[in-house]
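Shown here: input13.pdb, PDB, C-alpha atoms.
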ATOM      1  CA  MET T   1      82.513 105.188 127.259
ATOM      2  CA  GLU T   2      84.174 108.045 125.497
ATOM      3  CA  LEU T   3      87.290 106.736 123.749
ATOM      4  CA  LYS T   4      89.348 109.637 122.445
ATOM      5  CA  LEU T   5      91.442 108.602 119.476
ATOM      6  CA  ASN T   6      93.366 110.765 117.056
ATOM      7  CA  PHE T   7      92.236 109.750 113.563
ATOM      8  CA  GLU T   8      93.574 112.964 112.064
ATOM      9  CA  LYS T   9      97.265 112.087 111.698
ATOM     10  CA  LEU T  10      96.573 109.670 108.844
ATOM     11  CA  GLY T  11      93.524 111.317 107.313
ATOM     12  CA  GLY T  12      90.863 109.376 109.191
ATOM     13  CA  LEU T  13      92.762 106.133 109.726
ATOM     14  CA  LEU T  14      94.466 104.478 112.677
ATOM     15  CA  PRO T  15      97.107 101.797 112.174
ATOM     16  CA  ALA T  16      96.408  98.618 114.134
ATOM     17  CA  VAL T  17      98.834  95.853 115.055
ATOM     18  CA  ILE T  18      97.224  92.421 115.191
ATOM     19  CA  GLN T  19      98.932  90.038 117.616
ATOM     20  CA  ASP T  20      98.051  86.428 118.468
ATOM     21  CA  PHE T  21      96.946  86.548 122.126
ATOM     22  CA  LYS T  22      98.351  83.078 122.817
ATOM     23  CA  THR T  23     101.623  82.929 120.851
ATOM     24  CA  SER T  24     102.345  86.718 120.840
ATOM     25  CA  LYS T  25     103.174  86.425 117.122
ATOM     26  CA  VAL T  26     102.537  89.645 115.190
ATOM     27  CA  LEU T  27     100.124  88.542 112.468
ATOM     28  CA  MET T  28      99.474  91.665 110.405
ATOM     29  CA  VAL T  29      99.054  95.429 110.421
ATOM     30  CA  GLY T  30      95.860  96.984 109.118
ATOM     31  CA  PHE T  31      94.100 100.344 109.146
ATOM     32  CA  LEU T  32      90.781 101.223 110.765
ATOM     33  CA  ASN T  33      88.567 104.228 110.230
ATOM     34  CA  GLU T  34      85.889 105.109 112.792
ATOM     35  CA  GLU T  35      83.301 102.821 111.191
ATOM     36  CA  ALA T  36      85.702  99.846 111.045
ATOM     37  CA  LEU T  37      86.513 100.384 114.728
ATOM     38  CA  ARG T  38      82.822 100.572 115.669
ATOM     39  CA  LYS T  39      82.041  97.367 113.753
ATOM     40  CA  THR T  40      85.060  95.618 115.322
ATOM     41  CA  LEU T  41      84.015  96.552 118.860
ATOM     42  CA  GLU T  42      80.337  95.704 118.223
ATOM     43  CA  THR T  43      80.957  92.279 116.648
ATOM     44  CA  GLY T  44      84.215  91.250 118.342
ATOM     45  CA  LEU T  45      85.616  90.442 114.883
ATOM     46  CA  MET T  46      88.350  92.515 113.225
ATOM     47  CA  HIS T  47      87.134  94.851 110.494
ATOM     48  CA  PHE T  48      89.559  96.996 108.513
ATOM     49  CA  TYR T  49      89.419  99.848 106.062
ATOM     50  CA  SER T  50      90.972  98.879 102.745
ATOM     51  CA  ARG T  51      93.018 101.739 101.355
ATOM     52  CA  THR T  52      93.157 100.167  97.895
ATOM     53  CA  ARG T  53      89.460  99.210  97.688
ATOM     54  CA  ASN T  54      88.146 102.204  99.706
ATOM     55  CA  LYS T  55      85.787 100.085 101.766
ATOM     56  CA  ILE T  56      85.341  98.390 105.125
ATOM     57  CA  TRP T  57      86.051  94.677 105.097
ATOM     58  CA  LEU T  58      85.536  91.928 107.594
ATOM     59  CA  LYS T  59      88.768  89.960 107.902
ATOM     60  CA  GLY T  60      87.751  86.378 107.064
ATOM     61  CA  GLU T  61      84.693  87.274 104.963
ATOM     62  CA  THR T  62      85.999  85.005 102.156
ATOM     63  CA  SER T  63      88.456  82.679 103.926
ATOM     64  CA  LYS T  64      86.466  82.313 107.197
ATOM     65  CA  HIS T  65      89.803  82.962 108.908
ATOM     66  CA  TYR T  66      88.251  85.501 111.279
ATOM     67  CA  LEU T  67      90.219  87.352 113.943
ATOM     68  CA  VAL T  68      88.353  87.224 117.254
ATOM     69  CA  VAL T  69      89.209  90.200 119.467
ATOM     70  CA  LYS T  70      90.422  89.300 122.972
ATOM     71  CA  GLU T  71      91.947  92.598 124.121
ATOM     72  CA  VAL T  72      92.314  96.134 122.765
ATOM     73  CA  LEU T  73      95.316  98.246 123.769
ATOM     74  CA  VAL T  74      95.769 101.948 123.046
ATOM     75  CA  ASP T  75      99.126 103.685 122.675
ATOM     76  CA  CYS T  76     100.363 106.768 124.523
ATOM     77  CA  ASP T  77      99.545 109.133 121.649
ATOM     78  CA  GLU T  78      96.094 107.607 121.115
ATOM     79  CA  ASP T  79      96.803 107.222 117.402
ATOM     80  CA  THR T  80      97.631 103.496 117.215
ATOM     81  CA  LEU T  81      95.856 100.351 118.432
ATOM     82  CA  LEU T  82      97.069  96.887 119.357
ATOM     83  CA  PHE T  83      94.511  94.113 119.083
ATOM     84  CA  LYS T  84      95.225  90.788 120.761
ATOM     85  CA  VAL T  85      93.217  88.208 118.860
ATOM     86  CA  GLU T  86      92.429  84.554 118.428
ATOM     87  CA  PRO T  87      92.975  83.807 114.726
ATOM     88  CA  LYS T  88      90.528  81.277 113.239
ATOM     89  CA  GLY T  89      93.060  80.324 110.570
ATOM     90  CA  PRO T  90      96.222  81.543 108.868
ATOM     91  CA  VAL T  91      96.092  85.296 108.444
ATOM     92  CA  CYS T  92      98.054  86.094 105.286
ATOM     93  CA  HIS T  93      96.334  85.962 101.883
ATOM     94  CA  GLU T  94      99.532  84.349 100.575
ATOM     95  CA  GLY T  95      98.795  81.274 102.722
ATOM     96  CA  TYR T  96     101.052  81.885 105.721
ATOM     97  CA  MET T  97     100.161  82.194 109.414
ATOM     98  CA  SER T  98     101.473  85.776 109.497
ATOM     99  CA  CYS T  99     101.915  88.463 106.850
ATOM    100  CA  PHE T 100     105.488  88.804 108.160
ATOM    101  CA  TYR T 101     106.643  85.469 106.723
ATOM    102  CA  ARG T 102     109.913  86.832 105.278
ATOM    103  CA  LYS T 103     112.962  88.232 106.960
ATOM    104  CA  LEU T 104     115.700  90.415 105.620
ATOM    105  CA  GLY T 105     118.753  88.220 105.110
ATOM    106  CA  GLU T 106     122.281  89.015 103.942
ATOM    107  CA  LYS T 107     121.367  88.950 100.272
ATOM    108  CA  ASN T 108     117.618  88.574  99.963
ATOM    109  CA  LEU T 109     114.297  88.044 101.706
ATOM    110  CA  GLU T 110     114.174  84.600 103.312
ATOM    111  CA  ILE T 111     110.862  82.816 103.843
ATOM    112  CA  ILE T 112     110.762  81.767 107.516
ATOM    113  CA  GLU T 113     107.285  80.234 107.767
ATOM    114  CA  GLU T 114     105.628  77.201 106.256
ATOM    115  CA  LYS T 115     102.806  77.731 103.799
ATOM    116  CA  MET T 116      99.575  76.582 105.464
ATOM    117  CA  PHE T 117      97.091  76.791 102.581
ATOM    118  CA  ASN T 118      96.941  77.330  98.836
ATOM    119  CA  PRO T 119      95.565  80.841  98.200
ATOM    120  CA  GLU T 120      93.869  79.769  94.948
ATOM    121  CA  GLU T 121      91.830  77.158  96.815
ATOM    122  CA  VAL T 122      90.666  79.667  99.424
ATOM    123  CA  TYR T 123      90.275  82.852  97.408
ATOM    124  CA  GLY T 124      89.891  81.482  93.848
ATOM    125  CA  LYS T 125      92.257  82.114  90.963
ATOM    126  CA  LYS T 126      93.398  85.616  90.282
ATOM    127  CA  ALA T 127      91.858  87.082  87.130
TER     128      ALA T 127
ATOM    129  CA  MET V   1     120.728  93.793  97.897
ATOM    130  CA  GLU V   2     117.711  95.352  96.232
ATOM    131  CA  LEU V   3     114.908  95.608  98.782
ATOM    132  CA  LYS V   4     111.684  96.648  97.085
ATOM    133  CA  LEU V   5     109.382  98.417  99.460
ATOM    134  CA  ASN V   6     106.229 100.380  98.722
ATOM    135  CA  PHE V   7     106.658 103.784 100.366
ATOM    136  CA  GLU V   8     103.927 105.313  98.201
ATOM    137  CA  LYS V   9     100.823 104.196 100.084
ATOM    138  CA  LEU V  10     101.524 106.601 102.968
ATOM    139  CA  GLY V  11     103.287 109.368 101.085
ATOM    140  CA  GLY V  12     106.855 108.204 101.599
ATOM    141  CA  LEU V  13     106.421 106.451 104.945
ATOM    142  CA  LEU V  14     106.270 102.833 106.067
ATOM    143  CA  PRO V  15     104.685 101.869 109.378
ATOM    144  CA  ALA V  16     106.947  99.716 111.542
ATOM    145  CA  VAL V  17     105.997  97.509 114.470
ATOM    146  CA  ILE V  18     108.671  97.289 117.158
ATOM    147  CA  GLN V  19     108.627  94.020 119.091
ATOM    148  CA  ASP V  20     110.904  92.861 121.918
ATOM    149  CA  PHE V  21     112.839  89.918 120.432
ATOM    150  CA  LYS V  22     112.980  88.137 123.806
ATOM    151  CA  THR V  23     109.573  88.757 125.394
ATOM    152  CA  SER V  24     107.600  89.241 122.117
ATOM    153  CA  LYS V  25     105.948  92.295 123.687
ATOM    154  CA  VAL V  26     104.877  94.905 121.127
ATOM    155  CA  LEU V  27     106.693  98.036 122.283
ATOM    156  CA  MET V  28     105.630 100.755 119.842
ATOM    157  CA  VAL V  29     104.695 101.601 116.261
ATOM    158  CA  GLY V  30     106.665 104.203 114.357
ATOM    159  CA  PHE V  31     107.083 105.439 110.799
ATOM    160  CA  LEU V  32     110.202 105.268 108.620
ATOM    161  CA  ASN V  33     110.982 107.095 105.437
ATOM    162  CA  GLU V  34     113.776 105.859 103.145
ATOM    163  CA  GLU V  35     116.460 107.788 105.026
ATOM    164  CA  ALA V  36     115.307 106.515 108.443
ATOM    165  CA  LEU V  37     115.385 102.969 107.076
ATOM    166  CA  ARG V  38     118.875 103.425 105.658
ATOM    167  CA  LYS V  39     120.190 104.837 108.948
ATOM    168  CA  THR V  40     118.508 102.035 110.901
ATOM    169  CA  LEU V  41     120.075  99.326 108.731
ATOM    170  CA  GLU V  42     123.505 101.039 108.708
ATOM    171  CA  THR V  43     123.709 101.610 112.472
ATOM    172  CA  GLY V  44     121.608  98.733 113.798
ATOM    173  CA  LEU V  45     119.703 101.251 115.927
ATOM    174  CA  MET V  46     116.084 102.202 115.249
ATOM    175  CA  HIS V  47     115.607 105.583 113.575
ATOM    176  CA  PHE V  48     112.149 106.958 112.838
ATOM    177  CA  TYR V  49     110.636 109.793 110.895
ATOM    178  CA  SER V  50     108.665 112.111 113.162
ATOM    179  CA  ARG V  51     105.456 113.221 111.481
ATOM    180  CA  THR V  52     104.949 116.044 113.976
ATOM    181  CA  ARG V  53     108.549 117.344 113.926
ATOM    182  CA  ASN V  54     109.243 116.529 110.230
ATOM    183  CA  LYS V  55     112.652 115.042 110.959
ATOM    184  CA  ILE V  56     114.535 111.804 111.412
ATOM    185  CA  TRP V  57     115.185 110.882 115.015
ATOM    186  CA  LEU V  58     117.283 108.241 116.669
ATOM    187  CA  LYS V  59     115.138 106.461 119.260
ATOM    188  CA  GLY V  60     117.084 106.893 122.505
ATOM    189  CA  GLU V  61     118.956 110.070 121.493
ATOM    190  CA  THR V  62     117.807 111.751 124.734
ATOM    191  CA  SER V  63     116.901 108.841 127.025
ATOM    192  CA  LYS V  64     119.680 106.463 125.883
ATOM    193  CA  HIS V  65     116.926 103.841 125.667
ATOM    194  CA  TYR V  66     118.083 102.699 122.228
ATOM    195  CA  LEU V  67     116.379  99.935 120.270
ATOM    196  CA  VAL V  68     119.003  97.515 118.919
ATOM    197  CA  VAL V  69     117.788  95.742 115.777
ATOM    198  CA  LYS V  70     117.954  91.944 115.902
ATOM    199  CA  GLU V  71     115.752  90.969 112.958
ATOM    200  CA  VAL V  72     113.827  92.764 110.202
ATOM    201  CA  LEU V  73     110.672  91.194 108.777
ATOM    202  CA  VAL V  74     108.766  92.405 105.708
ATOM    203  CA  ASP V  75     105.043  91.902 105.135
ATOM    204  CA  CYS V  76     103.353  90.350 102.084
ATOM    205  CA  ASP V  77     102.493  93.725 100.530
ATOM    206  CA  GLU V  78     105.977  95.125 101.170
ATOM    207  CA  ASP V  79     104.483  98.202 102.791
ATOM    208  CA  THR V  80     104.979  97.384 106.497
ATOM    209  CA  LEU V  81     108.004  96.299 108.549
ATOM    210  CA  LEU V  82     108.378  94.373 111.780
ATOM    211  CA  PHE V  83     111.583  94.992 113.731
ATOM    212  CA  LYS V  84     112.531  92.574 116.477
ATOM    213  CA  VAL V  85     114.718  94.529 118.855
ATOM    214  CA  GLU V  86     116.600  94.515 122.119
ATOM    215  CA  PRO V  87     115.359  97.569 124.050
ATOM    216  CA  LYS V  88     118.043  99.296 126.130
ATOM    217  CA  GLY V  89     115.390 100.678 128.486
ATOM    218  CA  PRO V  90     111.669 101.379 128.707
ATOM    219  CA  VAL V  91     110.350 102.528 125.347
ATOM    220  CA  CYS V  92     107.473 104.886 126.065
ATOM    221  CA  HIS V  93     108.142 108.574 126.714
ATOM    222  CA  GLU V  94     105.480 108.357 129.446
ATOM    223  CA  GLY V  95     107.802 106.061 131.431
ATOM    224  CA  TYR V  96     106.357 102.637 130.605
ATOM    225  CA  MET V  97     108.045  99.628 129.005
ATOM    226  CA  SER V  98     105.652  99.769 126.053
ATOM    227  CA  CYS V  99     103.603 102.556 124.464
ATOM    228  CA  PHE V 100     100.633 100.177 124.738
ATOM    229  CA  TYR V 101     100.366 100.442 128.527
ATOM    230  CA  ARG V 102      96.577 100.898 128.601
ATOM    231  CA  LYS V 103      93.806  98.551 127.644
ATOM    232  CA  LEU V 104      90.217  99.244 126.760
ATOM    233  CA  GLY V 105      88.103  98.214 129.750
ATOM    234  CA  GLU V 106      84.352  98.214 130.308
ATOM    235  CA  LYS V 107      84.206 101.888 131.208
ATOM    236  CA  ASN V 108      87.618 103.408 130.607
ATOM    237  CA  LEU V 109      91.244 102.848 129.690
ATOM    238  CA  GLU V 110      92.993 100.779 132.364
ATOM    239  CA  ILE V 111      96.733 101.106 132.951
ATOM    240  CA  ILE V 112      98.174  97.576 132.803
ATOM    241  CA  GLU V 113     101.897  98.277 133.200
ATOM    242  CA  GLU V 114     104.048  99.665 135.971
ATOM    243  CA  LYS V 115     105.731 103.012 135.453
ATOM    244  CA  MET V 116     109.472 102.398 135.156
ATOM    245  CA  PHE V 117     110.841 105.939 135.124
ATOM    246  CA  ASN V 118     109.778 109.515 135.697
ATOM    247  CA  PRO V 119     109.614 111.239 132.280
ATOM    248  CA  GLU V 120     110.625 114.612 133.754
ATOM    249  CA  GLU V 121     113.863 113.126 135.056
ATOM    250  CA  VAL V 122     114.748 111.614 131.683
ATOM    251  CA  TYR V 123     113.427 114.193 129.238
ATOM    252  CA  GLY V 124     113.302 117.313 131.416
ATOM    253  CA  LYS V 125     110.207 119.292 132.334
ATOM    254  CA  LYS V 126     107.760 120.155 129.622
ATOM    255  CA  ALA V 127     107.777 123.853 128.754
TER     256      ALA V 127
END

Taking this structure as input, can you express it in the form of structure tokens?
Amino acid sequence: MELKLNFEKLGGLLPAVIQDFKTSKVLMVGFLNEEALRKTLETGLMHFYSRTRNKIWLKGETSKHYLVVKEVLVDCDEDTLLFKVEPKGPVCHEGYMSCFYRKLGEKNLEIIEEKMFNPEEVYGKKA
Amino acid sequence: MELKLNFEKLGGLLPAVIQDFKTSKVLMVGFLNEEALRKTLETGLMHFYSRTRNKIWLKGETSKHYLVVKEVLVDCDEDTLLFKVEPKGPVCHEGYMSCFYRKLGEKNLEIIEEKMFNPEEVYGKKA
């Protein structure tokens, strides 16, 4: 099928919301270029374009915490995607289920999730 | 409080996911610059920066379908926000509850929501 998407607004990238298809928790936001989208649809596993590393990456390539695509939704302007996924483990590289593990409180950011793994054990120590 | 956010990655903008705080439905994704964020936090109503119109806009200024902020979450990289909101009406300018009213099917995009209002009645006829 011909899927018309507007990659131009962000210079070749589309933002994508990643939501747990069972719990409806928003897990992360990432960016996809056309190649990352093609690989995601072909494999059924979320691939993103890293803006800092300038490359495609398979989410879970190190941690094995893959995101298995269950449903793909497209917004009205065809410039944003919503992926409903089954996460194979906690999503955030800091060790939390979601990247949104802090909320804005009266005076500071409050951590509202429990840490589920030690990042150094999964990703190795930072240099 | 001092809230450190990285507006630099997208040239002064942060992407923001808007989620219904009761139903957990993802309603839309918008972009905020520093002024839109300040107005949102001051008023408790979502303001966005329009990339096509180059201006701040109050969501609901025409339709009265305001988004009342209930909770603000910040991601690990401090470059993306998640707003849990109470929507005062359907969110999408096409008349649907959510901007993500279509899903990717086998052969085409399938509409998966019911239309809740006629856009011409709310926004006027397009020129």

Would you kindly return, as a ChimeraX atom specification, each protein, DNA or RNA residue with an atom no farther than 10 Å from any atom of V:Asn118, considering all atoms listed in the file and excluding same-chain residues fewer than 3 positions away? /V:93-96,115,121-124

As a check of understanding, name the residues that the ChimeraX specification (/V :<8) & /T selects in the supplied structure, as a PDB file with C-alpha atoms, in the frame of the given file.
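Once written, selection.pdb looks like this:
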ATOM      1  CA  MET T   1      82.513 105.188 127.259  1.00  0.00           C
ATOM      2  CA  GLU T   2      84.174 108.045 125.497  1.00  0.00           C
ATOM      3  CA  LEU T   3      87.290 106.736 123.749  1.00  0.00           C
ATOM      4  CA  VAL T  17      98.834  95.853 115.055  1.00  0.00           C
ATOM      5  CA  SER T  24     102.345  86.718 120.840  1.00  0.00           C
ATOM      6  CA  LYS T  25     103.174  86.425 117.122  1.00  0.00           C
ATOM      7  CA  MET T  28      99.474  91.665 110.405  1.00  0.00           C
ATOM      8  CA  VAL T  29      99.054  95.429 110.421  1.00  0.00           C
ATOM      9  CA  GLU T  71      91.947  92.598 124.121  1.00  0.00           C
ATOM     10  CA  VAL T  72      92.314  96.134 122.765  1.00  0.00           C
ATOM     11  CA  LEU T  73      95.316  98.246 123.769  1.00  0.00           C
ATOM     12  CA  VAL T  74      95.769 101.948 123.046  1.00  0.00           C
ATOM     13  CA  ASP T  75      99.126 103.685 122.675  1.00  0.00           C
ATOM     14  CA  CYS T  76     100.363 106.768 124.523  1.00  0.00           C
ATOM     15  CA  THR T  80      97.631 103.496 117.215  1.00  0.00           C
ATOM     16  CA  LEU T  81      95.856 100.351 118.432  1.00  0.00           C
ATOM     17  CA  LEU T  82      97.069  96.887 119.357  1.00  0.00           C
ATOM     18  CA  CYS T  92      98.054  86.094 105.286  1.00  0.00           C
ATOM     19  CA  GLU T  94      99.532  84.349 100.575  1.00  0.00           C
ATOM     20  CA  CYS T  99     101.915  88.463 106.850  1.00  0.00           C
ATOM     21  CA  PHE T 100     105.488  88.804 108.160  1.00  0.00           C
ATOM     22  CA  TYR T 101     106.643  85.469 106.723  1.00  0.00           C
ATOM     23  CA  ARG T 102     109.913  86.832 105.278  1.00  0.00           C
ATOM     24  CA  LYS T 103     112.962  88.232 106.960  1.00  0.00           C
ATOM     25  CA  LEU T 104     115.700  90.415 105.620  1.00  0.00           C
ATOM     26  CA  GLU T 106     122.281  89.015 103.942  1.00  0.00           C
ATOM     27  CA  LYS T 107     121.367  88.950 100.272  1.00  0.00           C
ATOM     28  CA  ASN T 108     117.618  88.574  99.963  1.00  0.00           C
TER      29      ASN T 108
END

Emit as lines of an AutoDock Vina configuration file the padded axis-aligned box for all listed atoms of stretch 78-90 of chain V, 3 Å per side, with centre and edge lengths in Å to one decimal.
center_x = 111.3
center_y = 97.0
center_z = 114.9
size_x = 19.6
size_y = 14.8
size_z = 33.5

Enter the distance from atom CA of T:Lys125 to atom CA of T:Trp57, in Å, rounded to one decimal.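 Taking atom CA of T:Lys125 and atom CA of T:Trp57, their separation equals 19.9 Å.
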
Which one of V:Phe21, V:Ile56, V:Leu32, V:Gly44 sits closest to V:Phe7 if you count only C-alpha atoms?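 Under the stated criterion, the closest residue is V:Leu32.
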
Could you tell me how far atom CA of T:Lys39 sits from atom CA of T:Glu120, in Å to one decimal place?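 Between atom CA of T:Glu120 and atom CA of T:Lys39 the gap is 28.3 Å.
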
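The gap separating atom CA of V:His65 from atom CA of V:Gly89 is 4.5 Å, in Å to one decimal.
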
Residue IDs satisfying the PyMOL selection byres ((chain V and resi 60) around 10), as a PyMOL selection string: chain V and resi 45-47+57-59+61-67+87-91

Could N, CA and C atoms be built for stretch 37-54 of chain V and written out as a compact mmCIF listing (two decimals), keeping the file's coordinate frame?
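Okay, part-v1.txt is ready:
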# COMPACT_ATOMS: atom_id res chain seq x y z
N LEU V 37 115.11 104.39 107.27
CA LEU V 37 115.38 102.97 107.08
C LEU V 37 116.87 102.74 106.81
N ARG V 38 117.46 103.58 105.97
CA ARG V 38 118.88 103.42 105.66
C ARG V 38 119.73 103.59 106.93
N LYS V 39 119.42 104.61 107.71
CA LYS V 39 120.19 104.84 108.95
C LYS V 39 119.99 103.68 109.94
N THR V 40 118.78 103.16 110.00
CA THR V 40 118.51 102.04 110.90
C THR V 40 119.34 100.81 110.50
N LEU V 41 119.35 100.52 109.19
CA LEU V 41 120.08 99.33 108.73
C LEU V 41 121.59 99.53 108.85
N GLU V 42 122.06 100.76 108.63
CA GLU V 42 123.50 101.04 108.71
C GLU V 42 124.02 100.97 110.15
N THR V 43 123.22 101.50 111.08
CA THR V 43 123.71 101.61 112.47
C THR V 43 123.25 100.46 113.36
N GLY V 44 122.18 99.76 112.94
CA GLY V 44 121.61 98.73 113.80
C GLY V 44 120.79 99.29 114.94
N LEU V 45 120.53 100.60 114.90
CA LEU V 45 119.70 101.25 115.93
C LEU V 45 118.48 101.87 115.25
N MET V 46 117.31 101.70 115.87
CA MET V 46 116.08 102.20 115.25
C MET V 46 116.10 103.72 115.12
N HIS V 47 115.85 104.18 113.89
CA HIS V 47 115.61 105.58 113.58
C HIS V 47 114.19 105.69 113.01
N PHE V 48 113.50 106.75 113.34
CA PHE V 48 112.15 106.96 112.84
C PHE V 48 112.05 108.32 112.16
N TYR V 49 110.96 108.48 111.42
CA TYR V 49 110.64 109.79 110.90
C TYR V 49 109.50 110.35 111.74
N SER V 50 109.70 111.50 112.34
CA SER V 50 108.66 112.11 113.16
C SER V 50 107.73 112.90 112.28
N ARG V 51 106.45 112.53 112.30
CA ARG V 51 105.46 113.22 111.48
C ARG V 51 105.13 114.59 112.07
N THR V 52 105.27 114.73 113.38
CA THR V 52 104.95 116.04 113.98
C THR V 52 106.14 117.00 113.88
N ARG V 53 107.38 116.46 113.97
CA ARG V 53 108.55 117.34 113.93
C ARG V 53 109.20 117.40 112.54
N ASN V 54 108.69 116.57 111.60
CA ASN V 54 109.24 116.53 110.23
C ASN V 54 110.74 116.30 110.20
